[in-house]
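final25.txt, holding compact mmCIF, C-alpha atoms:
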```
# COMPACT_ATOMS: atom_id res chain seq x y z
CA MET A 1 0.00 0.00 0.00
CA GLU A 2 1.54 3.29 -1.04
CA ILE A 3 0.91 5.99 1.54
CA ALA A 4 1.04 9.60 0.33
CA GLY A 5 2.63 12.16 2.61
CA ALA A 6 -0.47 14.27 2.97
CA ASP A 7 -2.52 11.20 3.79
CA LEU A 8 -0.09 10.21 6.51
CA VAL A 9 -0.42 13.62 8.12
CA ARG A 10 -4.20 13.56 8.04
CA ALA A 11 -4.24 10.01 9.37
CA ALA A 12 -1.96 11.00 12.22
CA ALA A 13 -4.23 13.94 13.03
CA LEU A 14 -7.33 11.77 13.19
CA LEU A 15 -5.67 9.09 15.28
CA GLY A 16 -4.34 11.80 17.52
CA ALA A 17 -7.83 13.22 17.93
CA GLY A 18 -9.13 9.90 19.09
CA LEU A 19 -6.25 9.40 21.53
CA ALA A 20 -6.57 12.96 22.80
CA MET A 21 -10.23 12.64 23.70
CA GLY A 22 -9.87 9.05 24.81
CA PHE A 23 -7.07 9.53 27.32
CA GLY A 24 -8.39 12.96 28.17
CA ALA A 25 -11.66 11.50 29.33
CA ILE A 26 -10.05 9.37 32.04
CA GLY A 27 -8.93 12.04 34.48
CA PRO A 28 -12.06 14.16 34.81
CA GLY A 29 -14.18 11.03 35.07
CA VAL A 30 -12.21 9.70 38.03
CA GLY A 31 -11.73 13.07 39.68
CA GLU A 32 -15.31 14.25 39.40
CA GLY A 33 -16.57 10.92 40.62
CA TYR A 34 -14.31 11.07 43.66
CA ALA A 35 -15.57 14.58 44.35
CA ALA A 36 -19.16 13.39 44.11
CA GLY A 37 -18.47 10.49 46.43
CA ARG A 38 -16.85 12.55 49.14
CA ALA A 39 -19.64 15.13 48.81
CA CYS A 40 -22.22 12.42 49.40
CA GLU A 41 -20.21 11.21 52.38
CA ALA A 42 -20.23 14.71 53.77
CA ILE A 43 -23.98 14.98 53.23
CA GLY A 44 -24.39 11.69 55.03
CA ARG A 45 -22.54 13.13 58.00
CA ASN A 46 -24.36 16.46 57.86
CA PRO A 47 -27.60 16.39 55.82
CA LYS A 48 -28.59 19.92 56.83
CA GLU A 49 -25.71 21.31 54.81
CA ALA A 50 -26.76 19.48 51.64
CA GLY A 51 -27.17 22.70 49.63
CA LEU A 52 -23.75 24.07 50.49
CA LEU A 53 -22.10 20.70 49.95
CA THR A 54 -23.73 20.18 46.56
CA ARG A 55 -22.63 23.66 45.43
CA THR A 56 -19.09 22.95 46.58
CA MET A 57 -19.12 19.66 44.73
CA LEU A 58 -20.25 21.36 41.50
CA VAL A 59 -17.57 24.04 41.73
CA GLY A 60 -14.88 21.45 42.32
CA GLN A 61 -16.13 19.26 39.48
CA ALA A 62 -16.18 22.24 37.11
CA VAL A 63 -12.50 22.84 37.76
CA SER A 64 -11.77 19.16 37.25
CA GLU A 65 -13.67 19.27 33.94
CA SER A 66 -11.33 21.87 32.49
CA THR A 67 -8.73 19.46 31.16
CA GLY A 68 -11.49 17.37 29.60
CA ILE A 69 -12.63 20.45 27.73
CA TYR A 70 -9.07 21.15 26.59
CA SER A 71 -8.93 17.58 25.21
CA LEU A 72 -12.25 18.08 23.41
CA VAL A 73 -11.01 21.31 21.87
CA ILE A 74 -7.77 19.72 20.69
CA ALA A 75 -9.66 16.74 19.25
CA LEU A 76 -12.02 19.01 17.32
CA LEU A 77 -9.09 21.12 16.12
CA LEU A 78 -7.29 18.03 14.87
CA ILE A 79 -10.36 16.79 13.05
CA PHE A 80 -11.68 19.99 11.48
CA VAL A 81 -9.01 22.65 11.43
CA VAL A 82 -5.64 21.05 10.87
CA MET B 1 7.66 -9.80 2.34
CA VAL B 2 4.31 -11.00 1.18
CA TRP B 3 2.48 -13.55 3.30
CA ASP B 4 -0.44 -15.58 2.07
CA ALA B 5 -3.80 -15.08 3.70
CA GLU B 6 -3.86 -18.41 5.49
CA THR B 7 -0.60 -17.62 7.29
CA LEU B 8 -1.99 -14.28 8.38
CA VAL B 9 -5.19 -15.84 9.68
CA ASN B 10 -3.35 -18.54 11.63
CA GLY B 11 -0.91 -16.05 13.11
CA ALA B 12 -3.70 -13.69 14.06
CA SER B 13 -5.75 -16.43 15.68
CA PHE B 14 -2.84 -17.45 17.93
CA LEU B 15 -1.97 -13.87 18.78
CA GLY B 16 -5.62 -13.14 19.51
CA ALA B 17 -5.87 -16.21 21.72
CA GLY B 18 -2.82 -15.06 23.65
CA MET B 19 -4.29 -11.61 24.19
CA ALA B 20 -7.70 -12.96 25.13
CA MET B 21 -6.37 -15.28 27.81
CA GLY B 22 -3.46 -13.08 28.87
CA PHE B 23 -5.48 -9.99 29.58
CA GLY B 24 -8.52 -11.97 30.59
CA ALA B 25 -6.69 -13.66 33.43
CA ILE B 26 -5.74 -10.41 35.14
CA GLY B 27 -9.08 -9.29 36.49
CA ALA B 28 -10.37 -12.52 37.96
CA ALA B 29 -7.05 -13.21 39.68
CA VAL B 30 -6.90 -9.78 41.29
CA GLY B 31 -10.53 -9.91 42.37
CA GLU B 32 -10.28 -13.40 43.80
CA GLY B 33 -7.11 -12.51 45.66
CA LEU B 34 -8.86 -9.53 47.19
CA VAL B 35 -11.67 -11.80 48.40
CA ALA B 36 -9.19 -14.27 49.86
CA GLY B 37 -7.39 -11.52 51.75
CA TYR B 38 -10.55 -10.15 53.30
CA ALA B 39 -11.70 -13.70 54.09
CA SER B 40 -8.47 -14.35 56.00
CA SER B 41 -8.95 -11.23 58.10
CA ALA B 42 -12.54 -12.21 58.76
CA CYS B 43 -11.54 -15.72 59.86
CA ALA B 44 -8.95 -14.23 62.18
CA ALA B 45 -11.55 -11.93 63.69
CA ARG B 46 -14.15 -14.64 64.18
CA SER B 47 -12.59 -18.08 63.80
CA GLU B 48 -15.63 -20.11 64.83
CA LYS B 49 -17.39 -18.89 61.65
CA ALA B 50 -14.48 -19.85 59.39
CA GLY B 51 -16.52 -22.52 57.60
CA ASP B 52 -19.28 -20.08 56.55
CA ILE B 53 -16.77 -17.39 55.64
CA ILE B 54 -14.81 -19.73 53.39
CA LYS B 55 -18.04 -20.89 51.73
CA THR B 56 -18.99 -17.29 50.93
CA MET B 57 -15.44 -16.64 49.74
CA LEU B 58 -15.65 -19.55 47.30
CA ILE B 59 -19.05 -18.43 45.98
CA GLY B 60 -17.77 -14.89 45.47
CA GLN B 61 -14.62 -16.15 43.77
CA ALA B 62 -16.70 -18.34 41.47
CA VAL B 63 -18.67 -15.32 40.27
CA ALA B 64 -15.43 -13.40 39.72
CA GLU B 65 -14.08 -16.33 37.71
CA SER B 66 -16.86 -16.27 35.12
CA THR B 67 -15.46 -13.69 32.71
CA ALA B 68 -12.07 -15.42 32.85
CA ILE B 69 -13.88 -18.58 31.71
CA PHE B 70 -15.40 -16.58 28.83
CA ALA B 71 -11.85 -15.49 27.91
CA LEU B 72 -10.67 -19.11 28.04
CA VAL B 73 -13.52 -20.17 25.75
CA VAL B 74 -12.71 -17.40 23.25
CA ALA B 75 -9.01 -18.36 23.35
CA ILE B 76 -9.80 -22.02 22.69
CA LEU B 77 -12.17 -21.10 19.85
CA LEU B 78 -9.43 -18.94 18.34
CA ILE B 79 -6.85 -21.70 18.55
CA PHE B 80 -8.90 -24.64 17.30
CA MET B 81 -11.55 -23.27 14.97
CA ASP B 82 -11.02 -23.08 11.22
CA PHE B 83 -11.40 -19.60 9.81
CA GLN B 84 -11.81 -18.27 6.27
CA PRO B 85 -8.37 -17.61 4.81
CA THR B 86 -8.89 -13.93 3.96
CA PRO B 87 -6.77 -11.10 5.42
CA ILE B 88 -9.74 -9.24 6.87
CA VAL B 89 -10.64 -12.27 8.96
CA ALA B 90 -7.14 -12.12 10.48
CA VAL B 91 -7.85 -8.63 11.78
CA ALA B 92 -11.28 -9.74 13.04
CA LEU B 93 -9.58 -12.44 15.12
CA LEU B 94 -7.21 -9.89 16.67
CA GLY B 95 -10.21 -7.74 17.49
CA ALA B 96 -11.98 -10.67 19.13
CA GLY B 97 -8.97 -11.38 21.31
CA ILE B 98 -8.65 -7.75 22.37
CA SER B 99 -12.39 -7.47 23.03
CA MET B 100 -12.62 -10.45 25.36
CA GLY B 101 -9.21 -9.92 26.91
CA PHE B 102 -9.79 -6.38 28.06
CA GLY B 103 -13.46 -6.95 28.76
CA ALA B 104 -12.70 -9.54 31.41
CA ILE B 105 -10.45 -7.23 33.44
CA GLY B 106 -13.06 -4.91 34.85
CA SER B 107 -15.65 -7.53 35.69
CA GLY B 108 -13.08 -9.75 37.38
CA ILE B 109 -11.68 -7.06 39.63
CA GLY B 110 -15.09 -5.54 40.26
CA SER B 111 -16.71 -8.79 41.38
CA GLY B 112 -14.04 -9.10 44.04
CA PHE B 113 -15.20 -6.06 45.99
CA PRO B 114 -18.68 -7.24 47.08
CA ALA B 115 -17.35 -10.69 47.93
CA ALA B 116 -14.55 -9.22 50.02
CA GLU B 117 -16.97 -6.99 51.93
CA ALA B 118 -19.36 -9.93 52.42
CA CYS B 119 -16.61 -11.93 54.14
CA ALA B 120 -15.69 -8.94 56.29
CA GLY B 121 -19.34 -8.36 57.17
CA MET B 122 -19.80 -11.97 58.20
CA ALA B 123 -17.10 -11.57 60.84
CA ARG B 124 -18.86 -8.51 62.22
CA GLN B 125 -22.46 -9.80 61.99
CA PRO B 126 -22.58 -13.58 61.55
CA GLU B 127 -26.37 -13.70 61.61
CA MET B 128 -26.44 -11.60 58.41
CA THR B 129 -24.65 -14.28 56.39
CA GLY B 130 -27.60 -15.03 54.12
CA THR B 131 -28.40 -11.38 53.33
CA LEU B 132 -24.75 -10.51 52.77
CA THR B 133 -24.25 -13.44 50.41
CA ASN B 134 -27.39 -12.58 48.43
CA THR B 135 -26.43 -8.91 48.05
CA MET B 136 -22.92 -9.98 47.10
CA ILE B 137 -24.24 -12.25 44.35
CA LEU B 138 -26.65 -9.56 43.08
CA GLY B 139 -23.99 -6.86 42.99
CA ALA B 140 -21.38 -9.11 41.40
CA ALA B 141 -23.87 -10.35 38.80
CA VAL B 142 -24.44 -6.76 37.58
CA CYS B 143 -20.64 -6.46 37.30
CA GLN B 144 -20.53 -9.33 34.83
CA SER B 145 -22.48 -7.33 32.23
CA GLN B 146 -19.33 -5.76 30.76
CA GLY B 147 -17.79 -9.19 30.28
CA ILE B 148 -20.94 -10.28 28.47
CA TYR B 149 -20.85 -7.26 26.13
CA SER B 150 -17.22 -8.12 25.32
CA LEU B 151 -18.12 -11.77 24.75
CA VAL B 152 -20.92 -10.78 22.36
CA VAL B 153 -18.61 -8.57 20.30
CA ALA B 154 -15.89 -11.25 20.33
CA LEU B 155 -18.36 -13.90 19.11
CA ILE B 156 -19.63 -11.58 16.37
CA LEU B 157 -16.03 -11.00 15.26
CA LEU B 158 -15.35 -14.74 15.27
CA PHE B 159 -18.46 -15.99 13.49
CA PHE B 160 -19.72 -13.22 11.20
CA ASP B 161 -18.85 -13.36 7.51
CA PHE B 162 -16.58 -10.41 6.70
CA ALA B 163 -15.06 -11.88 3.54
CA ASP B 164 -16.82 -9.63 1.04
CA ARG B 165 -15.68 -6.38 2.70
CA ALA B 166 -12.77 -4.42 1.29
CA LEU B 167 -9.66 -4.95 3.44
CA VAL B 168 -8.81 -1.23 3.45
CA PRO B 169 -10.43 0.40 5.47
CA ASN B 170 -12.84 -2.16 6.92
CA ALA B 171 -10.14 -4.14 8.73
CA ALA B 172 -9.64 -1.19 11.04
CA ASN B 173 -13.35 -1.29 11.98
CA LEU B 174 -13.03 -4.79 13.35
CA LEU B 175 -9.92 -4.01 15.41
CA ALA B 176 -11.41 -0.78 16.72
CA ALA B 177 -14.63 -2.54 17.73
CA GLY B 178 -12.67 -4.81 20.04
CA ILE B 179 -10.74 -1.88 21.50
CA SER B 180 -13.92 0.14 22.07
CA VAL B 181 -15.93 -2.46 23.97
CA GLY B 182 -12.92 -3.98 25.71
CA LEU B 183 -11.35 -0.87 27.18
CA ALA B 184 -14.67 0.69 28.20
CA ALA B 185 -15.40 -2.40 30.25
CA VAL B 186 -12.34 -1.89 32.45
CA GLY B 187 -13.50 1.21 34.26
CA THR B 188 -17.18 0.42 34.47
CA GLY B 189 -16.62 -3.12 35.72
CA ILE B 190 -14.38 -1.90 38.53
CA GLY B 191 -16.76 0.98 39.28
CA GLN B 192 -19.82 -1.24 39.58
CA GLY B 193 -17.83 -3.59 41.77
CA MET B 194 -16.80 -0.77 44.09
CA ILE B 195 -20.46 0.22 44.41
CA ALA B 196 -21.52 -3.33 45.22
CA GLY B 197 -18.72 -3.53 47.78
CA GLY B 198 -19.92 -0.34 49.44
CA ALA B 199 -23.46 -1.69 49.55
CA VAL B 200 -22.46 -4.99 51.14
CA GLN B 201 -20.30 -3.16 53.68
CA SER B 202 -23.21 -0.87 54.50
CA ILE B 203 -25.58 -3.79 55.01
CA GLY B 204 -23.03 -5.52 57.19
CA ARG B 205 -22.83 -2.51 59.48
CA GLN B 206 -26.54 -1.59 59.45
CA PRO B 207 -28.55 -4.75 58.78
CA GLU B 208 -31.92 -2.98 58.93
CA SER B 209 -31.06 -0.89 55.88
CA VAL B 210 -31.05 -3.82 53.43
CA ALA B 211 -33.94 -2.68 51.21
CA ARG B 212 -32.80 0.95 50.84
CA THR B 213 -29.19 0.01 50.35
CA THR B 214 -29.90 -2.64 47.73
CA GLY B 215 -32.17 -0.22 45.84
CA THR B 216 -29.56 2.53 45.88
CA MET B 217 -26.87 0.05 44.81
CA LEU B 218 -28.89 -0.98 41.75
CA VAL B 219 -29.61 2.66 40.79
CA SER B 220 -25.96 3.55 41.18
CA GLN B 221 -24.78 0.54 39.17
CA ALA B 222 -27.33 1.34 36.45
CA VAL B 223 -25.92 4.85 36.03
CA THR B 224 -22.39 3.43 36.00
CA GLU B 225 -23.37 1.06 33.19
CA THR B 226 -23.70 3.93 30.71
CA PRO B 227 -20.05 4.31 29.59
CA SER B 228 -19.83 0.58 28.84
CA ILE B 229 -23.05 0.81 26.82
CA PHE B 230 -21.46 3.65 24.81
CA GLY B 231 -18.45 1.35 24.26
CA LEU B 232 -20.72 -1.48 23.09
CA LEU B 233 -22.71 0.89 20.88
CA VAL B 234 -19.62 2.23 19.11
CA ALA B 235 -18.29 -1.34 18.74
CA LEU B 236 -21.53 -2.50 17.09
CA ILE B 237 -21.62 0.57 14.82
CA LEU B 238 -18.05 -0.19 13.80
CA VAL B 239 -18.72 -3.88 13.10
CA PHE B 240 -21.81 -3.26 10.99
CA LYS B 241 -20.72 -0.13 9.11
CA VAL B 242 -19.20 -1.13 5.80
CA TYR B 243 -16.96 1.40 4.09
CA PRO B 244 -16.34 1.29 0.32
CA ALA B 245 -12.82 0.29 -0.73
CA GLU B 246 -10.17 2.99 -0.76
CA THR B 247 -6.41 3.23 -0.85
CA SER B 248 -5.64 5.94 1.72
CA ILE B 249 -5.05 5.26 5.39
CA ILE B 250 -7.14 8.20 6.53
CA THR B 251 -10.37 6.35 7.24
CA MET B 252 -8.47 3.54 8.97
CA ALA B 253 -6.75 6.04 11.25
CA ALA B 254 -10.05 7.74 12.00
CA VAL B 255 -11.71 4.45 12.86
CA ILE B 256 -8.87 3.29 15.12
CA GLY B 257 -8.98 6.70 16.74
CA ALA B 258 -12.70 6.29 17.34
CA GLY B 259 -12.16 2.89 18.92
CA PHE B 260 -9.51 4.15 21.32
CA CYS B 261 -11.53 7.28 22.01
CA GLN B 262 -14.66 5.44 23.15
CA GLY B 263 -12.76 2.63 24.83
CA LEU B 264 -10.43 4.81 26.85
CA GLY B 265 -13.25 7.28 27.36
CA GLY B 266 -15.16 4.73 29.38
CA ILE B 267 -12.39 4.05 31.90
CA GLY B 268 -12.33 7.29 33.86
CA PRO B 269 -16.08 7.85 34.07
CA GLY B 270 -16.62 4.23 35.05
CA LEU B 271 -14.11 4.48 37.89
CA GLY B 272 -15.40 7.87 38.90
CA ASN B 273 -18.99 6.70 39.01
CA GLY B 274 -17.83 3.85 41.20
CA LEU B 275 -16.08 6.26 43.56
CA ALA B 276 -19.20 8.42 43.70
CA GLY B 277 -21.38 5.43 44.45
CA VAL B 278 -19.24 3.69 47.06
CA TYR B 279 -19.18 6.62 49.46
CA THR B 280 -22.91 7.24 48.95
CA LEU B 281 -23.74 3.63 49.73
CA GLN B 282 -21.65 3.65 52.87
CA TRP B 283 -23.72 6.57 54.15
CA VAL B 284 -27.16 5.49 52.92
CA GLY B 285 -27.00 2.73 55.50
CA ARG B 286 -25.96 5.02 58.31
CA ASN B 287 -28.35 7.87 57.65
CA GLU B 288 -31.88 6.85 56.70
CA GLU B 289 -33.46 10.33 56.44
CA ALA B 290 -30.73 11.49 54.08
CA THR B 291 -31.29 8.69 51.56
CA GLY B 292 -33.21 10.93 49.15
CA VAL B 293 -30.75 13.82 49.10
CA LEU B 294 -27.80 11.39 49.00
CA THR B 295 -29.19 9.51 46.00
CA ARG B 296 -30.01 12.74 44.14
CA THR B 297 -26.58 14.22 44.78
CA MET B 298 -24.92 10.96 43.78
CA ILE B 299 -26.80 10.85 40.48
CA ILE B 300 -25.94 14.50 39.72
CA GLY B 301 -22.30 13.85 40.57
CA GLN B 302 -22.19 10.67 38.49
CA ALA B 303 -23.83 12.40 35.54
CA ILE B 304 -21.21 15.16 35.63
CA SER B 305 -18.48 12.54 35.94
CA GLN B 306 -19.76 10.90 32.74
CA SER B 307 -19.45 14.12 30.77
CA THR B 308 -16.09 13.22 29.26
CA SER B 309 -17.43 9.85 28.10
CA ILE B 310 -20.12 11.80 26.24
CA TYR B 311 -17.47 14.05 24.67
CA ALA B 312 -15.63 10.86 23.70
CA MET B 313 -18.84 9.50 22.14
CA VAL B 314 -19.26 12.71 20.11
CA ILE B 315 -15.65 12.59 18.87
CA SER B 316 -15.97 8.87 18.06
CA LEU B 317 -19.13 9.38 16.05
CA ILE B 318 -17.57 12.31 14.19
CA LEU B 319 -14.54 10.15 13.37
CA ILE B 320 -16.74 7.31 12.14
CA PHE B 321 -19.41 9.17 10.21
CA ILE B 322 -18.13 12.56 9.20
CA ILE B 323 -14.55 11.85 8.17
```

Turn this file's structure into structure tokens for me.
Amino acid sequence: MEIAGADLVRAAALLGAGLAMGFGAIGPGVGEGYAAGRACEAIGRNPKEAGLLTRTMLVGQAVSESTGIYSLVIALLLIFVV
Amino acid sequence: MVWDAETLVNGASFLGAGMAMGFGAIGAAVGEGLVAGYASSACAARSEKAGDIIKTMLIGQAVAESTAIFALVVAILLIFMDFQPTPIVAVALLGAGISMGFGAIGSGIGSGFPAAEACAGMARQPEMTGTLTNTMILGAAVCQSQGIYSLVVALILLFFDFADRALVPNAANLLAAGISVGLAAVGTGIGQGMIAGGAVQSIGRQPESVARTTGTMLVSQAVTETPSIFGLLVALILVFKVYPAETSIITMAAVIGAGFCQGLGGIGPGLGNGLAGVYTLQWVGRNEEATGVLTRTMIIGQAISQSTSIYAMVISLILIFII
């Protein structure tokens, strides 16, 4: 199979997009889940503070999400822009 | 070097068998070891119940073993079955090995958690043996679902007729299908197992909470199932989508990228959902009035944790359909 240079570049970009979003999905998934779990534990200890604890959980998860968004952006760039 | 198709198919079948059994052995061994460790501690804590504890340990280990048996069956099929001597079948066999090999990891490890907690709970509350064992079996049975998805994809890759598809790019579809369903099973299997372990631990400490805890465990495991369903969905799309023949490697790279994207994309959310669920279940037992708010917060937290698996699904579908 003869592979043209331009094809190789495009292929690398697409494979890279898949790897970027694939590996990039691992961290936020684990981190946000851990945050949710500890928040629920805290609510179990102190149900009256459920509102505050849920808000804190959401803020923390939003920060954790940021690298997942970076991965999404890079994947879309590699597919559509490069 | 040019090899004939039959050589390729034979080589691929042996390599696939090696991957299926090699990876497939990891999960069950780790899970069963975990159960054995907890069982030893439990026997030390309450030696007069050693007989019951060891019985529960063996039942739990048997459930953990099941996906490793699936992997063994797939490996034996790969070694001894006759396959069509076409190059695309060789790639299908590799995909089957990857699918079942990786798919057995999560279920094996995950099934160990509820069994381990059941043994520990029996030392604390011997009269709860029956309830603990039942919850253990229920929780571990849900964990096996990922192994079953992987087995289904592996069997499709082994038995379906792919001969009339163009080798380039459709070979990549078959490999990527195995990667997608296999990798996604790792995180979700472990996550569901963690949740079941938390539920059994909770019931062991607060026996009166059985109904609530079991209900919350099933809800939590159901949410955690989603990333592995995405993995299965992308795998089935990949197997049944037939591309026309072409000579560039672009579509192949896109398809492999999609497989890794959805497969890897299921690991983190699966583990994270398990982390979210295990703490919730430990507290649902202790705090009856808070069950509602705990379950709602857990589901919100798990849904957010799954967001990257949804991004991965979007990227995978773009790579499959729009490239």

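Minimum distance to chain A across B:Leu183, B:Ile237, B:Thr214, B:Glu225 (counting only C-alpha atoms) occurs at B:Leu183.
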
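You will find atom CA of Val278 of chain B at 6.9 Å from atom CA of Gly37 of chain A.
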
inquiry  = What are the residues of chain A lining chain B at 7 Å or less? Count only C-alpha atoms, and put the answer as a count of residues only.
reply    = 35

Contacts of Phe102 of chain B at 12 Å (only C-alpha atoms; same-chain gap of 2+ positions) as a PyMOL selection string = chain B and resi 16+18-28+67-68+70-71+95-100+104-109+146-151+153-154+178-189+263-264+267

ask   = For Ala140 of chain B, which of B:Asp4, B:Glu208, B:Glu117, B:Glu48 is the closest residue, counting only C-alpha atoms?
value = B:Glu117

query = At what distance in Å, to one decimal, does atom CA of Thr213 of chain B lie from atom CA of Ala44 of chain B?
reply =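 If I compute the distance from atom CA of Ala44 of chain B to atom CA of Thr213 of chain B, I get 27.4 Å.
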
key: Non-local contacts of Thr56 of chain A (10 Å; only C-alpha atoms; under 4 positions in same chain excluded) as number ranges by chain   = A: 35-36, 39, 50-52, 60-62

request  = Have a look at B:Ala42, B:Val239, B:Ala50, B:Ala17 and name the one nearest to Gly101 of chain B; count all atoms listed in the file.
outcome  =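 For Gly101 of chain B, the nearest of the given residues is B:Ala17.
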